[in-house]
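Heads up: the structure comes next, in structure tokens.
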Amino acid sequence: MIRLENVSKVYKGSVVALRDISTDIQKEEFVFLVGSSGSGKSTFIKMLLKEEEPSEGTIYVAGKDIGQLPRWRVPYLRRNIGCVFQDFKLLANKTVRENVAFALEVIGRPKNIISQRVPAIIELVGLTDKLNSMPHELSGGEQQRVCIARAMVNRPPILLADEPTGNLDPSTSADIMNLLERLNESGTTVLIATHDHAVVDRSRKRVIELDGGKLVRDQVRGVYGIG
Amino acid sequence: MIRLENVSKVYKGSVVALRDISTDIQKEEFVFLVGSSGSGKSTFIKMLLKEEEPSEGTIYVAGKDIGQLPRWRVPYLRRNIGCVFQDFKLLANKTVRENVAFALEVIGRPKNIISQRVPAIIELVGLTDKLNSMPHELSGGEQQRVCIARAMVNRPPILLADEPTGNLDPSTSADIMNLLERLNESGTTVLIATHDHAVVDRSRKRVIELDGGKLVRDQVRGVYGIG
Amino acid sequence: MALRVNYFVDETVSNLRRNVLLTLAAVSTVSISLLLLGVVMVGGEVLTKMVSSWEGKVELNVFLRDEATPEEVKALGSQANGMPEVEKVFFESKEQAFEEYKRMFKDSPAITENVDPNALPASYRIKLKDPNSAEAVASRLQGQPGVDEVQFGGEAMKRLLKFTGVVRTILVIAIILTLGAAILLIANTIRLGIYARRKEIGIMKLVGATNWFIRVPFIFEGTVQAALGALLASALIYAGKVFGLDRMQDAILFLPLTVSSGSIIRMFFTLLAIGIVIGVFGSSLALRRFLEV
Amino acid sequence: MALRVNYFVDETVSNLRRNVLLTLAAVSTVSISLLLLGVVMVGGEVLTKMVSSWEGKVELNVFLRDEATPEEVKALGSQANGMPEVEKVFFESKEQAFEEYKRMFKDSPAITENVDPNALPASYRIKLKDPNSAEAVASRLQGQPGVDEVQFGGEAMKRLLKFTGVVRTILVIAIILTLGAAILLIANTIRLGIYARRKEIGIMKLVGATNWFIRVPFIFEGTVQAALGALLASALIYAGKVFGLDRMQDAILFLPLTVSSGSIIRMFFTLLAIGIVIGVFGSSLALRRFLEV
Ligand SMILES: Nc1ncnc2c1ncn2[C@@H]1O[C@H](COP(=O)(O)OP(=O)(O)OP(=O)(O)O)[C@@H](O)[C@H]1O
Ligand SMILES: Nc1ncnc2c1ncn2[C@@H]1O[C@H](COP(=O)(O)OP(=O)(O)OP(=O)(O)O)[C@@H](O)[C@H]1O
Ligand SMILES: [Mg+2]
Ligand SMILES: [Mg+2]
């Protein structure tokens with residue numbers, strides 16, 4: 001589903017964020033991406049979305065070399081990838097409901113489907129009473145959950161989540177992880193970049209670890225720390 | 001140093017964020033504020049900064065009722081409180097160095113002090129090689145550390161930190177906590193709102209827990225969960 | 001697709017409502033810019049009318065010899081009438097000329113009393129389609145039998161024509177200048193409005209929106225703002241006509257200081273069209289650099 | 001405090017550099033708005049000069065009786081000279097009047113040949129300081145010994161004065177309109193620029209900045225933008241004078257279509273002052289609502 005071949009990323013200013021990464025994530029896999037602060041996790045995710053271009057190497061998503069993708073096809077790539085951004089990226093001028101609905105509007109879903117699926121997914125992340133709030137009226141964790149709802153609402157084949165539990169307490173965080181695991185069971189490929197010890201250790205899924213931009217570990221049923 | 005007397009906060013839209021909170025934080029104390037997502041931790045911190053006004057009750061900071069503070073005195077209150085914001089609040093148009101320096105410019109520190117203290121504190125949070133980067137060129141954890149450096153640089157008597165390790169890996173996070181503890185030892189009153197199990201449990205400091213806006217626990221040497 | 005239109009309309013309305021400051025700024029800039037443009041256009045119309053009426057007063061005087069035979073006079077008249085540059089030909093007999101002369105000097109009887117009614121020659125007064133052809137027509141008539149002398153206002157008329165020429169040039173410059181200013185000012189405001197929302201645009205792209213999906217609401221928004229601006233500008237100009245021009249007109253009847261309501265309606269549609277074109281192009285262009293995510 | 005100034009200057013420079021789009025938008029809006037204002041001001045100066053020169057041609061003609069004694073004539077002359085409204089008095093003898101008459105009708109010898117050189121009366125031609133006082137002066141001179149009749153252009157002059165009055169009114173309206181437009185347009189742009197940075201302002205306040213600490217760089221910034229805008233506008237107007245007006249002037253010498261470089265320099269300082277005042281007030285006002293954190 002996702003394949004990287006010798007991918008490197010050097011930001012202008014000669015910051016090497018990723019060095020010669022090769023890896024392969026199968027369809028319906030559930031993978032954690034761990035590594036210390038600045039090790040390149042978000043860069044990894046941004047490149048899958050074509051938000052950043054790799055400096056070297058090739059990235060395949062769903063079998064296609066996304067480096068070759070013409071500009072106008074990029075939105076269609078992104079519609080197949082739900083993404084929870086580290087900084088949420090909610091639309092400040094839209095309510096919770098509208099933010100989540102936006103992912104469906106974009107792909108042209110009819111109104112009745114939208115008005116049915118949006119409240120359902122918002123209920124799943126526990127924000128039914130915030131349906132009509134604006135993002136700035138939400139707590140950090142609530143914003144994060146809206147972002148998770150938006151990433152899942154159109155049932156994408158791939159879900160990327162960058163630090164999806166960074167602003168959540170352990171119990172809410174466990175709920176969200178359950179949600180993601182269920183999503184994975186229903187066929188979605190899930191990639192989660194995280195620092196959360198507890199989350200990684202409990203799930204016992206495949207763990208890819210980055211260190212200073214290098215892939216230093218790829219373990220099938222891993223834990224957060226090497227131990 | 002910080003005293004709340006029967007403080008309640010109702011946001012417009014009748015969201016009750018805090019209900020009748022009374023508590024007292026002594027000078028040089030180190031306190032964790034925990035609670036699930038949306039329980040009112042950030043609201044608590046925002047009221048200490050006078051970013052939000054309580055709907056009821058009185059808040060004293062350094063012995064003064066900040067509800068009585070005239071508008072033009074508010075900046076002087078804030079200069080005595082370093083704050084790590086949950087959403088960082090870095091100035092997007094300034095480099096890392098300038099962002100940290102800003103907290104000193106504001107209080108009119110001379111240039112030589114600024115140019116000496118800023119790189120020192122940035123080294124403490126491990127970002128010496130990012131001195132001249134812009135915030136959007138930093139990873140999430142790096143931004144968070146810049147925010148921490150800015151909150152500490154002018155050695156304020158009070159330091160508030162809202163989820164300061166949410167985007168940090170466990171080892172960086174431990175470094176930052178050590179830093180905050182040292183700061184506390186040198187006389188700063190520290191209040192940290194956090195979800196981070198590990199951090200709270202390891203420190204064994206006073207823990208205040210909020211639940212649905214109510215103060216449900218105030219424990220001298222507490223852990224994250226009640227257990 | 002019908003659903004899309006629905007979304008676009010909702011989106012446009014909510015953008016206009018939720019970014020009140022941006023909406024107000026855009027509408028006021030558009031209306032001020034178009035107001036200036038409209039004032040120049042209306043003023044230009046008034047001035048052009050005035051200038052044309054001055055030019056319309058320019059005439060050629062073909063003085064006839066006293067000895068000219070009636071046949072010569074008639075032939076001359078039909079020759080003048082046949083010229084393509086000529087609009088109208090009047091004949092002024094010796095008697096009419098004297099009457100006119102007396103009218104001119106009615107305040108100075110001393111002057112008229114001493115003039116022999118027969119002293120003044122008969123003449124053809126020729127009105128031209130384009131006063132600039134006066135010299136050419138004059139030289140063609142000059143040598144004809146029966147013609148004593150052809151006068152065409154000489155220096156004074158040349159000056160008048162140069163002056164009206166200058167007025168017309170200045171008007172064209174003024175219209176170009178205000179149109180250019182309106183385009184730049186409106187484009188600037190649109191760009192700033194989009195700049196203030198650049199983050200939102202980036203987010204929309206990352207969530208999978210196509211450029212058109214993002215662009216359409218902005219274009220709708222620009223259109224609505226342009227329409228409101230044009231309406232406001234036209235209303236102000238109409239008020240200016242009713243409370244300003246029309247009252248002045250009452251005070252000085254001799255100047256054609258007037259605009260018809262019809263031409264204000266025409267101006268409204270012109271402003272509307274200009275505003276919408278700038279709005280649509282401006283927002284499309286301004287969006288470009290923020291859509292590259 | 002010296003250190004502060006340093007900070008403010010650095011901050012201003014880096015804001016101008018790092019928000020290129022905002023800087024460009026502000027400078028271009030300021031220069032376009034001030035350009036329009038400047039053009040109206042310069043155009044107003046030219047027109048006023050033109051109109052004054054027309055008004056300057058208005059004269060009173062005091063025709064003297066042929067029987068008037070030299071003493072009466074002299075007394076009349078000094079009376080006229082003594083009147084506060086009068087600027088200058090010329091005497092025109094019967095001979096001069098005839099010469100003038102011949103000059104006027106030099107193209108129609110038929111008319112002059114029949115006039116007795118003595119038929120035309122001698123007269124005083126009186127130039128007034130303010131042509132509007134003509135009627136009053138005329139009525140005071142009317143009954144004086146030796147005076148036959150006082151003419152003051154009558155209807156035609158009244159019309160001219162009404163016309164020049166209309167021109168002046170329109171000029172005042174044009175200046176008020178463009179000044180108002182400039183104020184609103186510049187204020188709008190400033191407000192949008194500040195709106196785009198509202199988040200930064202909120203952050204600064206939360207970190208302990210006083211309102212003045214935040215305001216000063218914005219005010220400096222507004223001042224620099226206003227100065228650049230005024231400079232650009234003045235340069236364009238100067239170019240317009242050199243390549244436009246001065247060339248037109250060469251083509252039509254009879255119209256005083258000219259502006260001195262001095263008055264362009266004066267205009268630059270006026271525009272600069274207006275720009276800075278709007279910039280400073282505009283940014284202070286626009287900041288207010290974002291400073292309430
Ligand atoms: N736009 C950019 N320009 C320059 N350098 C960048 C840019 N974005 C990221 N970097 C640098 O690349 C490195 C990797 O960043 P990345 O955001 O991928 O880290 P991360 O693993 O997500 O870290 P964190 O856990 O703190 O979010 C960092 O050192 C960062 O400073
Ligand atoms: N500006 C606001 N307007 C309306 N409601 C608000 C506003 N800010 C916060 N709230 C609500 O108040 C409650 C408490 O919010 P607060 O941000 O204090 O929570 P928190 O404890 O910091 O949560 P988290 O751990 O998710 O950051 C939440 O339900 C939130 O939706
Ligand atoms: Mg990251
Ligand atoms: Mg919070």
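Labels for the structure tokens follow display order: chains A, B, ..., residues from 1 in each chain, ligands from 1.
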**OP:** Using backbone DSSP assignments, extract all strand (DSSP E) residues from segment 45-99 of chain C; output them as a ChimeraX atom specification.
**Re:** /C:59-64,86-92
Those residues with N, CA and C atoms, as an mmCIF file, in the first residue's frame please?
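The result, written out as out_25.cif:
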```
data_model
loop_
_atom_site.group_PDB
_atom_site.id
_atom_site.type_symbol
_atom_site.label_atom_id
_atom_site.label_comp_id
_atom_site.auth_asym_id
_atom_site.auth_seq_id
_atom_site.Cartn_x
_atom_site.Cartn_y
_atom_site.Cartn_z
ATOM 1 N N GLU C 59 -19.235 78.176 -36.712
ATOM 2 C CA GLU C 59 -19.837 78.299 -38.045
ATOM 3 C C GLU C 59 -18.851 78.927 -39.021
ATOM 4 N N LEU C 60 -19.060 78.625 -40.284
ATOM 5 C CA LEU C 60 -18.332 79.338 -41.330
ATOM 6 C C LEU C 60 -19.222 80.481 -41.809
ATOM 7 N N ASN C 61 -18.629 81.654 -42.006
ATOM 8 C CA ASN C 61 -19.377 82.760 -42.604
ATOM 9 C C ASN C 61 -18.850 83.002 -43.998
ATOM 10 N N VAL C 62 -19.706 82.821 -45.005
ATOM 11 C CA VAL C 62 -19.302 83.107 -46.381
ATOM 12 C C VAL C 62 -19.960 84.430 -46.782
ATOM 13 N N PHE C 63 -19.187 85.517 -46.758
ATOM 14 C CA PHE C 63 -19.754 86.828 -47.109
ATOM 15 C C PHE C 63 -19.836 86.942 -48.616
ATOM 16 N N LEU C 64 -20.968 87.444 -49.076
ATOM 17 C CA LEU C 64 -21.185 87.538 -50.515
ATOM 18 C C LEU C 64 -20.898 88.957 -50.997
ATOM 19 N N VAL C 86 -20.542 69.331 -44.583
ATOM 20 C CA VAL C 86 -21.490 70.362 -44.167
ATOM 21 C C VAL C 86 -22.748 69.748 -43.571
ATOM 22 N N GLU C 87 -23.162 70.332 -42.475
ATOM 23 C CA GLU C 87 -24.379 69.811 -41.885
ATOM 24 C C GLU C 87 -25.590 70.623 -42.318
ATOM 25 N N LYS C 88 -25.432 71.954 -42.287
ATOM 26 C CA LYS C 88 -26.588 72.808 -42.564
ATOM 27 C C LYS C 88 -26.097 74.143 -43.119
ATOM 28 N N VAL C 89 -26.881 74.746 -43.946
ATOM 29 C CA VAL C 89 -26.510 76.050 -44.517
ATOM 30 C C VAL C 89 -27.653 77.026 -44.297
ATOM 31 N N PHE C 90 -27.340 78.191 -43.716
ATOM 32 C CA PHE C 90 -28.350 79.256 -43.556
ATOM 33 C C PHE C 90 -27.974 80.410 -44.455
ATOM 34 N N PHE C 91 -28.986 81.072 -44.987
ATOM 35 C CA PHE C 91 -28.708 82.298 -45.748
ATOM 36 C C PHE C 91 -29.059 83.493 -44.879
ATOM 37 N N GLU C 92 -28.173 84.494 -44.850
ATOM 38 C CA GLU C 92 -28.467 85.714 -44.097
ATOM 39 C C GLU C 92 -28.419 86.882 -45.072
#
```
Residues of chain D within 12 Å of chain B, counting only C-alpha atoms - could you list those as an mmCIF file with N, CA and C atoms, in the first residue's frame?
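And here's result09.cif as it stands now:
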```cif
data_model
loop_
_atom_site.group_PDB
_atom_site.id
_atom_site.type_symbol
_atom_site.label_atom_id
_atom_site.label_comp_id
_atom_site.auth_asym_id
_atom_site.auth_seq_id
_atom_site.Cartn_x
_atom_site.Cartn_y
_atom_site.Cartn_z
ATOM 1 N N MET D 1 15.596 53.544 27.354
ATOM 2 C CA MET D 1 14.683 53.952 26.276
ATOM 3 C C MET D 1 15.373 53.947 24.917
ATOM 4 N N ALA D 2 16.665 54.295 24.914
ATOM 5 C CA ALA D 2 17.411 54.267 23.647
ATOM 6 C C ALA D 2 17.375 52.855 23.058
ATOM 7 N N LEU D 3 17.462 51.901 23.945
ATOM 8 C CA LEU D 3 17.437 50.504 23.510
ATOM 9 C C LEU D 3 16.117 50.181 22.862
ATOM 10 N N ARG D 4 15.060 50.681 23.430
ATOM 11 C CA ARG D 4 13.741 50.473 22.890
ATOM 12 C C ARG D 4 13.651 50.950 21.445
ATOM 13 N N VAL D 5 14.141 52.174 21.216
ATOM 14 C CA VAL D 5 14.068 52.733 19.873
ATOM 15 C C VAL D 5 14.750 51.792 18.895
ATOM 16 N N ASN D 6 15.897 51.307 19.311
ATOM 17 C CA ASN D 6 16.606 50.318 18.533
ATOM 18 C C ASN D 6 15.732 49.126 18.183
ATOM 19 N N TYR D 7 15.080 48.588 19.213
ATOM 20 C CA TYR D 7 14.203 47.442 18.993
ATOM 21 C C TYR D 7 13.103 47.793 18.016
ATOM 22 N N PHE D 8 12.484 48.969 18.223
ATOM 23 C CA PHE D 8 11.364 49.356 17.366
ATOM 24 C C PHE D 8 11.798 49.480 15.916
ATOM 25 N N ASP D 10 14.411 47.972 14.435
ATOM 26 C CA ASP D 10 14.670 46.615 13.926
ATOM 27 C C ASP D 10 13.365 45.913 13.578
ATOM 28 N N GLU D 11 12.443 46.021 14.517
ATOM 29 C CA GLU D 11 11.157 45.350 14.362
ATOM 30 C C GLU D 11 10.437 45.855 13.114
ATOM 31 N N SER D 14 12.142 44.596 9.983
ATOM 32 C CA SER D 14 11.939 43.184 9.689
ATOM 33 C C SER D 14 10.485 42.901 9.344
ATOM 34 N N ASN D 15 9.549 43.632 9.941
ATOM 35 C CA ASN D 15 8.154 43.461 9.539
ATOM 36 C C ASN D 15 7.953 43.830 8.075
ATOM 37 N N LEU D 16 8.558 44.953 7.673
ATOM 38 C CA LEU D 16 8.394 45.381 6.283
ATOM 39 C C LEU D 16 8.986 44.346 5.335
ATOM 40 N N ARG D 17 10.114 43.746 5.742
ATOM 41 C CA ARG D 17 10.770 42.790 4.859
ATOM 42 C C ARG D 17 10.049 41.443 4.845
ATOM 43 N N ARG D 18 9.610 41.009 6.033
ATOM 44 C CA ARG D 18 9.085 39.643 6.104
ATOM 45 C C ARG D 18 7.637 39.536 5.637
ATOM 46 N N ASN D 19 6.908 40.638 5.665
ATOM 47 C CA ASN D 19 5.546 40.602 5.147
ATOM 48 C C ASN D 19 5.491 41.346 3.825
ATOM 49 N N VAL D 20 6.295 40.883 2.878
ATOM 50 C CA VAL D 20 6.433 41.621 1.623
ATOM 51 C C VAL D 20 5.073 41.913 1.003
ATOM 52 N N ALA D 196 -4.552 40.478 9.177
ATOM 53 C CA ALA D 196 -3.768 39.297 8.801
ATOM 54 C C ALA D 196 -2.774 38.931 9.898
ATOM 55 N N ARG D 197 -2.477 39.895 10.787
ATOM 56 C CA ARG D 197 -1.504 39.604 11.844
ATOM 57 C C ARG D 197 -2.133 39.622 13.217
ATOM 58 N N ARG D 198 -3.480 39.453 13.272
ATOM 59 C CA ARG D 198 -4.166 39.552 14.550
ATOM 60 C C ARG D 198 -3.680 38.517 15.550
ATOM 61 N N LYS D 199 -3.321 37.335 15.033
ATOM 62 C CA LYS D 199 -2.847 36.291 15.928
ATOM 63 C C LYS D 199 -1.557 36.714 16.618
ATOM 64 N N GLU D 200 -0.635 37.249 15.834
ATOM 65 C CA GLU D 200 0.642 37.693 16.380
ATOM 66 C C GLU D 200 0.413 38.709 17.489
ATOM 67 N N ILE D 201 -0.547 39.603 17.245
ATOM 68 C CA ILE D 201 -0.802 40.659 18.220
ATOM 69 C C ILE D 201 -1.288 40.049 19.530
ATOM 70 N N GLY D 202 -2.213 39.084 19.408
ATOM 71 C CA GLY D 202 -2.719 38.413 20.601
ATOM 72 C C GLY D 202 -1.585 37.721 21.366
ATOM 73 N N ILE D 203 -0.692 37.086 20.627
ATOM 74 C CA ILE D 203 0.417 36.389 21.283
ATOM 75 C C ILE D 203 1.301 37.378 22.030
ATOM 76 N N MET D 204 1.622 38.473 21.364
ATOM 77 C CA MET D 204 2.472 39.474 22.013
ATOM 78 C C MET D 204 1.864 39.936 23.328
ATOM 79 N N LYS D 205 0.545 40.151 23.299
ATOM 80 C CA LYS D 205 -0.101 40.602 24.529
ATOM 81 C C LYS D 205 0.021 39.548 25.612
ATOM 82 N N LEU D 206 -0.137 38.274 25.245
ATOM 83 C CA LEU D 206 -0.082 37.215 26.251
ATOM 84 C C LEU D 206 1.315 37.051 26.830
ATOM 85 N N VAL D 207 2.311 37.470 26.077
ATOM 86 C CA VAL D 207 3.687 37.333 26.568
ATOM 87 C C VAL D 207 4.074 38.555 27.402
ATOM 88 N N GLY D 208 3.153 39.503 27.526
ATOM 89 C CA GLY D 208 3.406 40.624 28.440
ATOM 90 C C GLY D 208 3.727 41.946 27.771
ATOM 91 N N ALA D 209 3.502 42.050 26.456
ATOM 92 C CA ALA D 209 3.765 43.318 25.783
ATOM 93 C C ALA D 209 2.663 44.317 26.118
ATOM 94 N N THR D 210 3.044 45.567 26.347
ATOM 95 C CA THR D 210 2.040 46.611 26.543
ATOM 96 C C THR D 210 1.492 47.017 25.178
ATOM 97 N N ASN D 211 0.357 47.689 25.213
ATOM 98 C CA ASN D 211 -0.226 48.120 23.950
ATOM 99 C C ASN D 211 0.740 49.005 23.170
ATOM 100 N N TRP D 212 1.459 49.871 23.881
ATOM 101 C CA TRP D 212 2.364 50.766 23.171
ATOM 102 C C TRP D 212 3.503 50.024 22.526
ATOM 103 N N PHE D 213 3.966 49.007 23.215
ATOM 104 C CA PHE D 213 5.065 48.213 22.686
ATOM 105 C C PHE D 213 4.672 47.557 21.360
ATOM 106 N N ILE D 214 3.401 47.172 21.254
ATOM 107 C CA ILE D 214 2.916 46.546 20.026
ATOM 108 C C ILE D 214 2.613 47.602 18.980
ATOM 109 N N LEU D 291 -6.130 44.544 20.243
ATOM 110 C CA LEU D 291 -5.299 44.673 21.449
ATOM 111 C C LEU D 291 -6.058 44.259 22.704
ATOM 112 N N GLU D 292 -7.351 44.002 22.536
ATOM 113 C CA GLU D 292 -8.142 43.694 23.733
ATOM 114 C C GLU D 292 -8.034 42.229 24.134
ATOM 115 N N VAL D 293 -6.834 41.783 24.448
ATOM 116 C CA VAL D 293 -6.651 40.382 24.849
ATOM 117 C C VAL D 293 -6.223 40.334 26.312
#
```
**OP:** Find the residues in chain A near chain B: any atom within 6 Å counts, using only C-alpha atoms. Write them as a ChimeraX atom specification.
**Re:** /A:36-38,139,141,166-169,195
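Take atom CA of Met267 of chain D and atom CA of Leu245 of chain D: the distance between them is 16.1 Å.
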Original post:
What is the atom CA of Glu53 of chain B to atom CA of Gln68 of chain B distance in Å?
Top reply: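 Computing it gives 11.0 Å between the two atoms.
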Original post:
Could you pull the residues within 6 Å of Pro217 of chain D, counting only C-alpha atoms, minus those fewer than 3 positions along the same chain, as an MDAnalysis selection string?
Top reply: chainID D and resid 8 12 220:221
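Least-squares superposition puts chain C on chain D with a C-alpha RMSD of 0.2 Å, counting every Cα pair in order.
By chain and then residue number, the residues within 9 Å of Asp20 of chain A are Glu5, Asn6, Val7, Ser8, Lys9, Leu18, Ser22, Glu56, Gly57, Gly213, Lys214 and Leu215 of chain A, counting only C-alpha atoms and disregarding those fewer than 2 positions away in sequence.
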**OP:** Show which residues sit within 10 Å of Val259 of chain C, as a list in words. Count only C-alpha atoms, and ignore same-chain residues fewer than 6 positions away.
**Re:**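 So the residues in contact are Val42, Gly43, Glu45, Val46, Lys49, Tyr238, Lys241, Val242, Leu245 and Asp246 of chain C.
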Write the residues you've just listed into a file as an mmCIF file, in the first residue's frame, and include C-alpha atoms for each of them.
```cif
data_model
loop_
_atom_site.group_PDB
_atom_site.id
_atom_site.type_symbol
_atom_site.label_atom_id
_atom_site.label_comp_id
_atom_site.auth_asym_id
_atom_site.auth_seq_id
_atom_site.Cartn_x
_atom_site.Cartn_y
_atom_site.Cartn_z
ATOM 1 C CA VAL C 42 -20.526 60.945 -15.331
ATOM 2 C CA GLY C 43 -18.406 64.076 -15.190
ATOM 3 C CA GLU C 45 -20.351 62.729 -20.012
ATOM 4 C CA VAL C 46 -21.380 66.165 -18.773
ATOM 5 C CA LYS C 49 -21.871 67.316 -23.798
ATOM 6 C CA TYR C 238 -27.496 58.936 -8.121
ATOM 7 C CA LYS C 241 -27.081 63.767 -9.228
ATOM 8 C CA VAL C 242 -30.361 64.445 -7.445
ATOM 9 C CA LEU C 245 -26.080 68.307 -10.089
ATOM 10 C CA ASP C 246 -29.807 68.810 -10.494
#
```
**OP:** Considering only C-alpha atoms, return as number ranges by chain whatever protein or nucleic-acid residues lie within 9 Å of Leu185 of chain D, sequence-local ones (same chain, fewer than 3 positions apart) excluded.
**Re:** C: 25, 28-29, 32-33, 185; D: 29-30, 33, 180-182, 188-190
What does the file look like for those residues with N, CA and C atoms, as a PDB file, in the first residue's frame?
```
ATOM      1  N   ALA C  25     -14.448  45.457   4.316  1.00  0.00           N
ATOM      2  CA  ALA C  25     -13.297  46.087   3.664  1.00  0.00           C
ATOM      3  C   ALA C  25     -13.415  45.961   2.155  1.00  0.00           C
ATOM      4  N   SER C  28     -16.354  48.105   0.789  1.00  0.00           N
ATOM      5  CA  SER C  28     -16.120  49.556   0.820  1.00  0.00           C
ATOM      6  C   SER C  28     -15.042  49.949  -0.181  1.00  0.00           C
ATOM      7  N   THR C  29     -13.990  49.140  -0.306  1.00  0.00           N
ATOM      8  CA  THR C  29     -12.973  49.480  -1.310  1.00  0.00           C
ATOM      9  C   THR C  29     -13.558  49.455  -2.712  1.00  0.00           C
ATOM     10  N   ILE C  32     -15.831  52.522  -3.138  1.00  0.00           N
ATOM     11  CA  ILE C  32     -15.104  53.793  -3.262  1.00  0.00           C
ATOM     12  C   ILE C  32     -14.402  53.878  -4.616  1.00  0.00           C
ATOM     13  N   SER C  33     -13.746  52.792  -5.004  1.00  0.00           N
ATOM     14  CA  SER C  33     -13.033  52.821  -6.289  1.00  0.00           C
ATOM     15  C   SER C  33     -14.004  53.035  -7.440  1.00  0.00           C
ATOM     16  N   LEU C 185      -6.613  48.903  -6.778  1.00  0.00           N
ATOM     17  CA  LEU C 185      -7.092  48.981  -5.394  1.00  0.00           C
ATOM     18  C   LEU C 185      -7.953  47.774  -5.058  1.00  0.00           C
TER      19      LEU C 185
ATOM     20  N   THR D  29      -1.451  50.799  -2.357  1.00  0.00           N
ATOM     21  CA  THR D  29      -2.726  51.471  -2.090  1.00  0.00           C
ATOM     22  C   THR D  29      -2.505  52.926  -1.703  1.00  0.00           C
ATOM     23  N   VAL D  30      -1.527  53.158  -0.840  1.00  0.00           N
ATOM     24  CA  VAL D  30      -1.255  54.543  -0.433  1.00  0.00           C
ATOM     25  C   VAL D  30      -0.876  55.363  -1.651  1.00  0.00           C
ATOM     26  N   SER D  33      -3.930  55.982  -3.971  1.00  0.00           N
ATOM     27  CA  SER D  33      -4.883  56.922  -3.384  1.00  0.00           C
ATOM     28  C   SER D  33      -4.324  58.336  -3.396  1.00  0.00           C
ATOM     29  N   GLY D 180     -11.467  61.971   1.022  1.00  0.00           N
ATOM     30  CA  GLY D 180     -12.252  60.971   1.760  1.00  0.00           C
ATOM     31  C   GLY D 180     -11.946  59.578   1.260  1.00  0.00           C
ATOM     32  N   ALA D 181     -11.886  59.446  -0.068  1.00  0.00           N
ATOM     33  CA  ALA D 181     -11.598  58.130  -0.641  1.00  0.00           C
ATOM     34  C   ALA D 181     -10.220  57.657  -0.198  1.00  0.00           C
ATOM     35  N   ALA D 182      -9.236  58.550  -0.252  1.00  0.00           N
ATOM     36  CA  ALA D 182      -7.876  58.167   0.148  1.00  0.00           C
ATOM     37  C   ALA D 182      -7.873  57.699   1.596  1.00  0.00           C
ATOM     38  N   ASN D 188      -8.576  51.064   5.136  1.00  0.00           N
ATOM     39  CA  ASN D 188      -8.979  49.682   4.849  1.00  0.00           C
ATOM     40  C   ASN D 188      -7.785  48.758   4.698  1.00  0.00           C
ATOM     41  N   THR D 189      -6.817  49.218   3.923  1.00  0.00           N
ATOM     42  CA  THR D 189      -5.640  48.384   3.681  1.00  0.00           C
ATOM     43  C   THR D 189      -4.882  48.144   4.977  1.00  0.00           C
ATOM     44  N   ILE D 190      -4.741  49.208   5.758  1.00  0.00           N
ATOM     45  CA  ILE D 190      -4.059  49.059   7.038  1.00  0.00           C
ATOM     46  C   ILE D 190      -4.789  48.045   7.898  1.00  0.00           C
TER      47      ILE D 190
END
```
**OP:** Find the spatial neighbours of segment 225-230 of chain C, counting only C-alpha atoms, within a cut-off of 6 Å - ignore same-chain residues fewer than 5 positions away - and output them as number ranges by chain.
**Re:** C: 27, 30-31, 271-272, 275-276
Original post:
atom CA of Val51 of chain D to atom CA of Thr164 of chain D: how many Å, to one decimal?
Top reply: 6.0 Å
